[in-house]
Each structure stands twice: as C-alpha cells, then as structure tokens.
Amino acid sequence: MTLATDWVAVSSIVTAGATLVLAIATFLSVRSANRAARAAERSLLAGLRPLLAPSRLDDQPQKVGFYDDRWFLVPGGGAIAEATDAAVYLAIAVRNVGSGIAVLHGWYFYPELELGQNDYAPPDEFRRLTRDLYIAPGEVGFWQGAFREPGDAAFVAARRAIEEPRRVAVDVLYGDHELGQRSITRFAISPHDDHWIASVSRHWSVDRPGPR
C-alpha cells in the first residue's frame with residue numbers, strides 16, 4: 001500500500017523551518033549589531049572623558065584671579081590656601097590627563113583628610129563654581145574656590161585648618177564638554193615649608209559604574 005505524500009503539510013513544515021532559521025539569523029545579527037553599537041559608544045565616550053590630576057612640578061605656574069581682585073601664582077604641582085578676615089582662598093594647579101575636555105562644575109571642602117575615607121558627598125551638596133573652568137586634554141589649568149561668609153561654619157573650619165596649618169582636601173566635580181560623564185577627583189592640599197603641594201587620593205565616576 002502506497003502512502004500519499006501530504007505536500008501541503010510538507011510545505012508548511014519547510015516554511016516553518018525556514019522562518020525559524022531566518023528568525024535565529026536575525027536575532028544573532030541584531031545582537032551582534034547591538035554589541036558593536038555599545039562598543040562604539042564606549043569608545044566614543046572614552047574619547048570624550050577627562051581625568052584630572054595635579055600638574056607636574058616643572059609645569060608653568062598658573063595665574064589665578066578672584067572677583068575681589070586678589071591674584072595668586074600657583075606653581076606646578078602646587079596649591080594656594082590663604083585665609084583673611086573676609087575670605088578663604090583656595091586654588092590648585094591641575095593637568096587634564098584624560099582624552100576629553102574637562103569642564104569643572106563644583107567642589108566640596110574637607111578641613112581634615114581622614115585616611116580610609118572612601119566615599120564622597122552627594123553632588124547636589126557641592127559648591128557650584130561661579131563660572132565653568134575648561135581644561136583641554138593634556139593641558140594645564142586650575143581649580144579655584146573661596147569661602148566668603150565669616151560666620152559660616154565652613155569658613156571657620158577652613159580658616160583654622162589653613163592657619164594651623166594642616167592637610168585638607170577638596171573634591172572637584174567635573175565632566176566632559178557635553179556636560180556628561182561626571183567624575184569626582186579628591187585632591188589633598190598639604191603644607192610643606194612655606195608653600196602648599198597638591199596630590200590626588202581618589203577618583204570616582206558619578207554617572208557610570210565605577211571601578212570599585
């Protein structure tokens with residue numbers, strides 16, 4: 001007895017198999033394209049990402065002015081910390097060792113630098129700079145900040161630390177020129193003889209997963 005071939009069923013099975021193969025190929029192609037797109041995006045963002053560090057000792061001094069017409073010359077690898085009855089002036093000579101333009105946004109001051117302090121204040125608690133400071137990749141620039149309210153507890157603590165003198169710290173908040181990829185770098189400012197020197201103790205990423 002010869003069984004008749006159900007060509008309709010065979011055609012349906014073949015069509016279903018081809019559709020499945022096409023679906024798998026499409027899925028693999030889309031996944032590969034997504035991976036490539038993510039890799040390209042990471043590469044683009046890395047090319048825009050700044051990273052701040054103290055300038056080198058042999059870098060040119062940075063001329064830093066404040067709006068009350070006080071001017072300072074910050075040496076390479078150094079900092080300025082000066083207190084008067086009306087203001088506390090702070091400045092650091094920095095170098096952008098990243099691949100993108102650094103735009104400095106704000107800062108947070110610590111009158112004492114505690115060993116093992118591995119966290120940072122919420123960015124909305126940072127003092128905002130009165131103007132954006134830009135530092136090109138591979139170039140030297142500066143950060144500056146000031147306390148101007150003698151009755152403020154932060155003013156009192158900063159002035160006391162400078163007059164002792166003792167090591168203090170500043171967290172600087174910055175990002176790329178598109179105002180993204182925010183990072184925080186903690187600078188230590190240490191007294192040494194008759195001047196102040198700057199160093200870095202920690203970097204954090206604010207808008208992306210950090211390395212720790």
# chains A, B, ... in the order shown; residues from 1 in each chain; ligands from 1
$ closest_atom_pairs --of "region 92-169 of chain A" --to "region 174-185 of chain A" --cutoff "7 Å" --atoms "only C-alpha atoms" --output "tab-separated table"
residue	atom	partner	partner_atom	distance
A:Gly100	CA	A:Asp176	CA	6.3
A:Ile101	CA	A:Asp176	CA	5.7
A:Ala102	CA	A:Asp176	CA	5.2
A:Val103	CA	A:Gly175	CA	5.4
A:Leu104	CA	A:Tyr174	CA	4.2
A:His105	CA	A:Tyr174	CA	5.2
$ write_last_selection --atoms "N, CA, C and O atoms" --output "PDB file, in the first residue's frame"
ATOM      1  N   GLY A 100      39.462  63.870  26.847  1.00  0.00           N
ATOM      2  CA  GLY A 100      38.428  64.837  26.508  1.00  0.00           C
ATOM      3  C   GLY A 100      38.564  66.124  27.302  1.00  0.00           C
ATOM      4  O   GLY A 100      39.289  66.178  28.308  1.00  0.00           O
ATOM      5  N   ILE A 101      37.888  67.172  26.856  1.00  0.00           N
ATOM      6  CA  ILE A 101      37.911  68.449  27.555  1.00  0.00           C
ATOM      7  C   ILE A 101      37.244  68.301  28.916  1.00  0.00           C
ATOM      8  O   ILE A 101      36.162  67.721  29.037  1.00  0.00           O
ATOM      9  N   ALA A 102      37.877  68.830  29.952  1.00  0.00           N
ATOM     10  CA  ALA A 102      37.299  68.808  31.301  1.00  0.00           C
ATOM     11  C   ALA A 102      36.573  70.124  31.558  1.00  0.00           C
ATOM     12  O   ALA A 102      37.136  71.197  31.345  1.00  0.00           O
ATOM     13  N   VAL A 103      35.323  70.016  31.998  1.00  0.00           N
ATOM     14  CA  VAL A 103      34.548  71.188  32.406  1.00  0.00           C
ATOM     15  C   VAL A 103      34.301  71.062  33.908  1.00  0.00           C
ATOM     16  O   VAL A 103      33.610  70.135  34.352  1.00  0.00           O
ATOM     17  N   LEU A 104      34.887  71.971  34.691  1.00  0.00           N
ATOM     18  CA  LEU A 104      34.775  71.910  36.146  1.00  0.00           C
ATOM     19  C   LEU A 104      33.481  72.560  36.595  1.00  0.00           C
ATOM     20  O   LEU A 104      33.157  73.670  36.170  1.00  0.00           O
ATOM     21  N   HIS A 105      32.735  71.841  37.459  1.00  0.00           N
ATOM     22  CA  HIS A 105      31.416  72.300  37.872  1.00  0.00           C
ATOM     23  C   HIS A 105      31.346  72.785  39.318  1.00  0.00           C
ATOM     24  O   HIS A 105      30.710  73.794  39.611  1.00  0.00           O
TER      25      HIS A 105
END
$ residues_around --residues "Ile80 (chain A)" --least-positions-apart "4" --cutoff "7 Å" --atoms "only C-alpha atoms" --output "PDB file with C-alpha atoms, in the first residue's frame"
ATOM      1  CA  VAL A  74      50.055  78.696  41.665  1.00  0.00           C
ATOM      2  CA  LEU A  90      41.890  78.046  47.576  1.00  0.00           C
ATOM      3  CA  ALA A  91      43.406  77.065  44.233  1.00  0.00           C
ATOM      4  CA  ILE A  92      45.111  74.012  42.723  1.00  0.00           C
ATOM      5  CA  TRP A 196      51.334  74.020  49.685  1.00  0.00           C
TER       6      TRP A 196
END
$ residues_around --residues "region 107-116 of chain A" --least-positions-apart "5" --cutoff "10 Å" --atoms "only C-alpha atoms" --output "ChimeraX atom specification"
/A:90,121-123,125-129,143-145,154-162,166-174,184-190,201
$ closest_atom_pairs --of "region 173-212 of chain A" --to "region 52-57 of chain A" --cutoff "7 Å" --atoms "only C-alpha atoms" --output "CSV"
residue,atom,partner,partner_atom,distance
A:Thr185,CA,A:Leu52,CA,6.8
A:Ala198,CA,A:Pro54,CA,6.2
A:Ser199,CA,A:Pro54,CA,6.0
A:Val200,CA,A:Ala53,CA,6.4
$ closest_residue --among "A:Leu73, A:Leu48, A:Ala87, A:Ala23" --to "Ser99 (chain A)" --atoms "only C-alpha atoms"
A:Leu48
$ select_by_dssp --residues "region 2-211 of chain A" --states "alpha helix (DSSP H)" --output "number ranges by chain"
A: 7-48, 153-163
